[in-house]
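Here is the file work17.cif (mmCIF, C-alpha atoms).
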data_final
#
loop_
_atom_site.label_atom_id
_atom_site.label_comp_id
_atom_site.auth_asym_id
_atom_site.auth_seq_id
_atom_site.Cartn_x
_atom_site.Cartn_y
_atom_site.Cartn_z
CA MET A 2 0.00 0.00 0.00
CA LYS A 3 2.85 2.41 0.84
CA LYS A 4 4.51 1.73 -2.53
CA TYR A 5 1.20 2.47 -4.27
CA LEU A 6 0.81 5.79 -2.42
CA LEU A 7 4.41 6.80 -3.08
CA GLY A 8 4.09 5.92 -6.77
CA SER A 9 0.82 7.85 -7.00
CA ALA A 10 2.40 10.90 -5.34
CA VAL A 11 5.34 10.86 -7.75
CA LEU A 12 3.04 10.43 -10.76
CA PHE A 13 0.78 13.23 -9.52
CA THR A 14 3.76 15.56 -9.10
CA LEU A 15 5.03 14.82 -12.59
CA VAL A 16 1.64 15.39 -14.21
CA ALA A 17 0.80 18.45 -12.13
CA PHE A 18 3.96 20.31 -13.07
CA SER A 19 4.48 19.11 -16.64
CA SER A 20 2.17 21.64 -18.32
CA THR A 21 4.21 24.62 -17.16
CA ALA A 22 7.42 22.76 -17.50
CA ILE A 23 8.08 22.31 -21.16
CA ALA A 24 6.45 25.50 -22.41
CA ALA A 25 8.80 27.95 -20.77
CA GLY A 26 12.05 26.47 -22.05
CA TYR A 27 13.86 26.28 -18.70
CA GLY A 28 14.13 22.52 -18.50
CA ASP A 29 11.25 20.23 -17.70
CA SER A 30 10.29 22.23 -14.61
CA GLY A 31 9.69 25.46 -16.54
CA CYS A 32 10.45 28.91 -15.21
CA GLY A 33 10.11 29.85 -11.56
CA PRO A 34 12.20 29.49 -8.42
CA GLY A 35 13.06 25.89 -9.34
CA SER A 36 14.76 27.07 -12.53
CA LEU A 37 17.04 29.27 -10.43
CA VAL A 38 17.90 26.48 -8.00
CA ILE A 39 18.26 23.56 -10.42
CA GLY A 40 18.78 25.21 -13.81
CA THR A 41 17.93 23.85 -17.25
CA LYS A 42 19.74 20.53 -17.13
CA ARG A 43 17.35 17.78 -18.20
CA ASP A 44 17.79 15.18 -15.51
CA GLY A 45 16.13 13.93 -12.34
CA GLY A 46 16.73 17.29 -10.69
CA GLN A 47 13.86 18.73 -12.72
CA LEU A 48 11.42 16.93 -10.42
CA LEU A 49 12.98 18.80 -7.50
CA ALA A 50 12.80 22.03 -9.50
CA ALA A 51 9.11 21.46 -10.27
CA THR A 52 8.46 20.74 -6.60
CA THR A 53 10.35 23.91 -5.63
CA ASN A 54 8.12 25.86 -8.02
CA GLY A 55 5.02 24.63 -6.21
CA ILE A 56 6.00 25.24 -2.59
CA GLY A 57 6.12 28.37 -0.49
CA TYR A 58 3.51 30.90 0.45
CA GLY A 59 0.79 30.60 -2.15
CA SER A 60 2.34 29.40 -5.36
CA SER A 61 5.78 30.85 -5.91
CA HIS A 62 5.61 29.66 -9.52
CA SER A 63 2.40 31.60 -10.18
CA THR A 64 3.89 34.65 -8.51
CA ALA A 65 7.01 34.39 -10.68
CA ILE A 66 4.88 34.19 -13.84
CA THR A 67 2.69 37.10 -12.77
CA PHE A 68 5.54 39.43 -11.90
CA GLY A 69 8.06 38.23 -14.51
CA THR A 70 10.66 37.04 -12.00
CA SER A 71 12.70 33.82 -11.71
CA ASN A 72 13.21 33.38 -15.48
CA CYS A 73 9.50 33.96 -16.18
CA GLY A 74 10.01 37.25 -18.01
CA ALA A 75 9.02 38.27 -21.49
CA ASP A 76 9.61 35.88 -24.33
CA LYS A 77 12.78 35.97 -26.37
CA LEU A 78 11.44 38.00 -29.29
CA THR A 79 9.96 40.65 -27.01
CA ARG A 80 13.28 40.99 -25.19
CA LYS A 81 15.08 41.24 -28.52
CA GLN A 82 12.64 43.93 -29.63
CA ARG A 83 13.38 45.97 -26.50
CA GLU A 84 17.11 45.56 -27.08
CA ARG A 85 16.73 46.81 -30.67
CA GLU A 86 14.67 49.79 -29.51
CA THR A 87 17.30 50.72 -26.95
CA PHE A 88 20.12 50.30 -29.46
CA ALA A 89 18.29 52.31 -32.14
CA SER A 90 17.40 55.03 -29.66
CA ILE A 91 21.00 55.45 -28.52
CA ASN A 92 22.36 55.33 -32.09
CA TYR A 93 19.41 57.00 -33.85
CA ASN A 94 21.31 59.76 -35.69
CA SER A 95 24.04 57.41 -36.89
CA LEU A 96 21.51 54.79 -37.96
CA VAL A 97 19.51 57.31 -40.00
CA LYS A 98 22.69 58.42 -41.81
CA GLU A 99 23.78 54.83 -42.40
CA MET A 100 20.33 53.83 -43.68
CA ALA A 101 20.45 56.71 -46.16
CA ALA A 102 23.91 55.51 -47.27
CA GLY A 103 22.94 51.82 -47.23
CA LYS A 104 25.90 50.73 -45.14
CA GLY A 105 27.64 51.21 -41.82
CA GLU A 106 28.70 49.58 -38.60
CA ASN A 107 25.54 50.47 -36.65
CA LEU A 108 23.38 49.25 -39.52
CA ASP A 109 25.26 45.93 -39.55
CA ASN A 110 24.81 45.69 -35.77
CA LEU A 111 21.09 46.28 -36.17
CA ALA A 112 20.94 43.60 -38.88
CA SER A 113 22.62 41.17 -36.48
CA MET A 114 20.04 42.09 -33.82
CA TYR A 115 17.35 40.98 -36.28
CA GLY A 116 19.12 37.65 -36.58
CA CYS A 117 20.25 38.34 -40.14
CA SER A 118 23.18 36.30 -41.37
CA PRO A 119 26.35 38.30 -42.09
CA ASP A 120 25.96 37.37 -45.76
CA SER A 121 22.69 39.32 -45.87
CA TYR A 122 23.97 42.58 -44.31
CA GLY A 123 24.42 44.00 -47.81
CA ASP A 124 20.78 43.25 -48.65
CA PHE A 125 19.76 44.74 -45.31
CA GLY A 126 21.62 47.97 -46.13
CA SER A 127 20.20 48.06 -49.67
CA VAL A 128 16.63 47.70 -48.41
CA ALA A 129 17.21 50.38 -45.78
CA GLN A 130 18.57 52.71 -48.44
CA GLU A 131 15.96 51.95 -51.14
CA LYS A 132 13.03 52.22 -48.72
CA PHE A 133 14.52 55.01 -46.61
CA GLY A 134 11.58 57.39 -47.23
CA MET A 135 9.15 54.73 -45.97
CA ILE A 136 11.29 53.83 -42.96
CA VAL A 137 12.20 57.36 -41.84
CA LYS A 138 9.23 59.44 -42.93
CA ASP A 139 10.47 62.76 -41.53
CA GLN A 140 12.64 64.28 -38.82
CA ASN A 141 10.01 63.47 -36.18
CA THR A 142 9.98 59.72 -36.88
CA SER A 143 10.28 57.91 -33.56
CA THR A 144 12.63 55.01 -32.99
CA LYS A 145 9.70 52.66 -32.55
CA ASP A 146 8.07 53.83 -35.81
CA MET A 147 11.37 53.56 -37.67
CA LEU A 148 11.92 49.99 -36.49
CA GLY A 149 8.32 49.03 -37.21
CA SER A 150 8.62 50.30 -40.79
CA LEU A 151 11.99 48.59 -41.19
CA GLU A 152 10.51 45.29 -39.97
CA LYS A 153 7.74 45.54 -42.59
CA GLN A 154 10.37 46.01 -45.29
CA ILE A 155 12.41 43.07 -43.99
CA SER A 156 9.34 40.84 -43.83
CA GLY A 157 8.41 41.72 -47.41
CA HIS A 158 11.88 41.14 -48.85
CA ALA A 159 12.49 37.79 -50.59
CA VAL A 160 15.92 37.17 -49.03
CA LEU A 161 15.71 39.00 -45.71
CA SER A 162 12.38 37.41 -44.77
CA ARG A 163 14.23 34.07 -44.76
CA THR A 164 17.64 35.06 -43.41
CA CYS A 165 16.60 37.46 -40.63
CA THR A 166 15.21 35.07 -38.03
CA GLU A 167 14.22 37.47 -35.25
CA VAL A 168 11.76 39.76 -36.99
CA ILE A 169 8.43 40.12 -35.22
CA GLY A 170 6.50 41.91 -37.98
#

Just dump the structure as structure tokens.
Amino acid sequence: MKKYLLGSAVLFTLVAFSSTAIAAGYGDSGCGPGSLVIGTKRDGGQLLAATTNGIGYGSSHSTAITFGTSNCGADKLTRKQRERETFASINYNSLVKEMAAGKGENLDNLASMYGCSPDSYGDFGSVAQEKFGMIVKDQNTSTKDMLGSLEKQISGHAVLSRTCTEVIG
């Protein structure tokens, strides 16, 4: 009887925590306090990580998801988008000049932030130059608007839509 109860408890724990586990990408236990303690290694420790996620005052895992703590923050593409916005904001004047010219170090860095392969940086610069008037409409174009317009151009380009892997648009 004790073996049956122990087996049932282990099975319950595995099933109860498996739905949050795989989706978040932090090992089988998912994000939450357990991901900080155990990490992403796929081994028996993930059961301990899943258990850690479910203990504490209330549900520490739910709290982590709600408040974006313990590796439960924004998804990868959203984080990348924020990084691009920060980069473009800091380097706005240089980027505008390099887009108009179709080449430059900051423009190549931005292409890499979109996940473009180095072989496609030339295409990236050409699109930025050819579509400059659509990307930077006037001197009041915000960083966010500029990047949004650029993403539309990347998404619509035959080569860049395939080689730039981190475009949201």

Of the residues A:Gly157, A:Tyr122, A:Phe133, A:Lys81, which is the one nearest to Lys98 (chain A), using all atoms listed in the file? A:Phe133

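Computed from the coordinates, the CA of Glu86 (chain A) to CA of Ala159 (chain A) distance equals 24.4 Å.
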
How many Å separate CA of Arg163 (chain A) from CA of Ile91 (chain A)? 27.7 Å

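Nearest to Pro119 (chain A) of all the residues A:Thr164, A:Ser143, A:Asn92, A:Ser150 is A:Thr164, based on only C-alpha atoms.
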
In terms of only C-alpha atoms, the residue from A:Lys153, A:Lys104, A:Arg80, A:Arg85 at minimal distance from Met135 (chain A) is A:Lys153

Just checking: using all atoms listed in the file, which residue out of A:Gly105, A:Gln154, A:Thr166, A:Asn110 ends up closest to Lys132 (chain A)? A:Gln154

One-decimal distance in Å that lies between CA of Glu131 (chain A) and CA of Leu111 (chain A): 16.8 Å

List the residues selected by the PyMOL selection byres ((chain A and resi 124) around 10) in the file shown, writing them as a compact mmCIF listing (two decimals) with C-alpha atoms, in the coordinates of the input.
# COMPACT_ATOMS: atom_id res chain seq x y z
CA GLY A 103 22.94 51.82 -47.23
CA LYS A 104 25.90 50.73 -45.14
CA ALA A 112 20.94 43.60 -38.88
CA CYS A 117 20.25 38.34 -40.14
CA PRO A 119 26.35 38.30 -42.09
CA ASP A 120 25.96 37.37 -45.76
CA SER A 121 22.69 39.32 -45.87
CA TYR A 122 23.97 42.58 -44.31
CA GLY A 123 24.42 44.00 -47.81
CA PHE A 125 19.76 44.74 -45.31
CA GLY A 126 21.62 47.97 -46.13
CA SER A 127 20.20 48.06 -49.67
CA VAL A 128 16.63 47.70 -48.41
CA ALA A 129 17.21 50.38 -45.78
CA GLN A 130 18.57 52.71 -48.44
CA ILE A 155 12.41 43.07 -43.99
CA HIS A 158 11.88 41.14 -48.85
CA VAL A 160 15.92 37.17 -49.03
CA LEU A 161 15.71 39.00 -45.71

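Counting only C-alpha atoms, Leu148 (chain A) has the following residues at most 8 Å away, ignoring those fewer than 4 positions along the same chain: Glu86, Ile136, Thr144 and Glu152 of chain A.
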
Any chance you could export the current selection's C-alpha atoms as a PDB file, in the frame of the given file?
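Once everything was written out, this is out-v2.pdb:
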ATOM      1  CA  GLU A  86      14.670  49.790 -29.510  1.00  0.00           C
ATOM      2  CA  ILE A 136      11.290  53.830 -42.960  1.00  0.00           C
ATOM      3  CA  THR A 144      12.630  55.010 -32.990  1.00  0.00           C
ATOM      4  CA  GLU A 152      10.510  45.290 -39.970  1.00  0.00           C
TER       5      GLU A 152
END
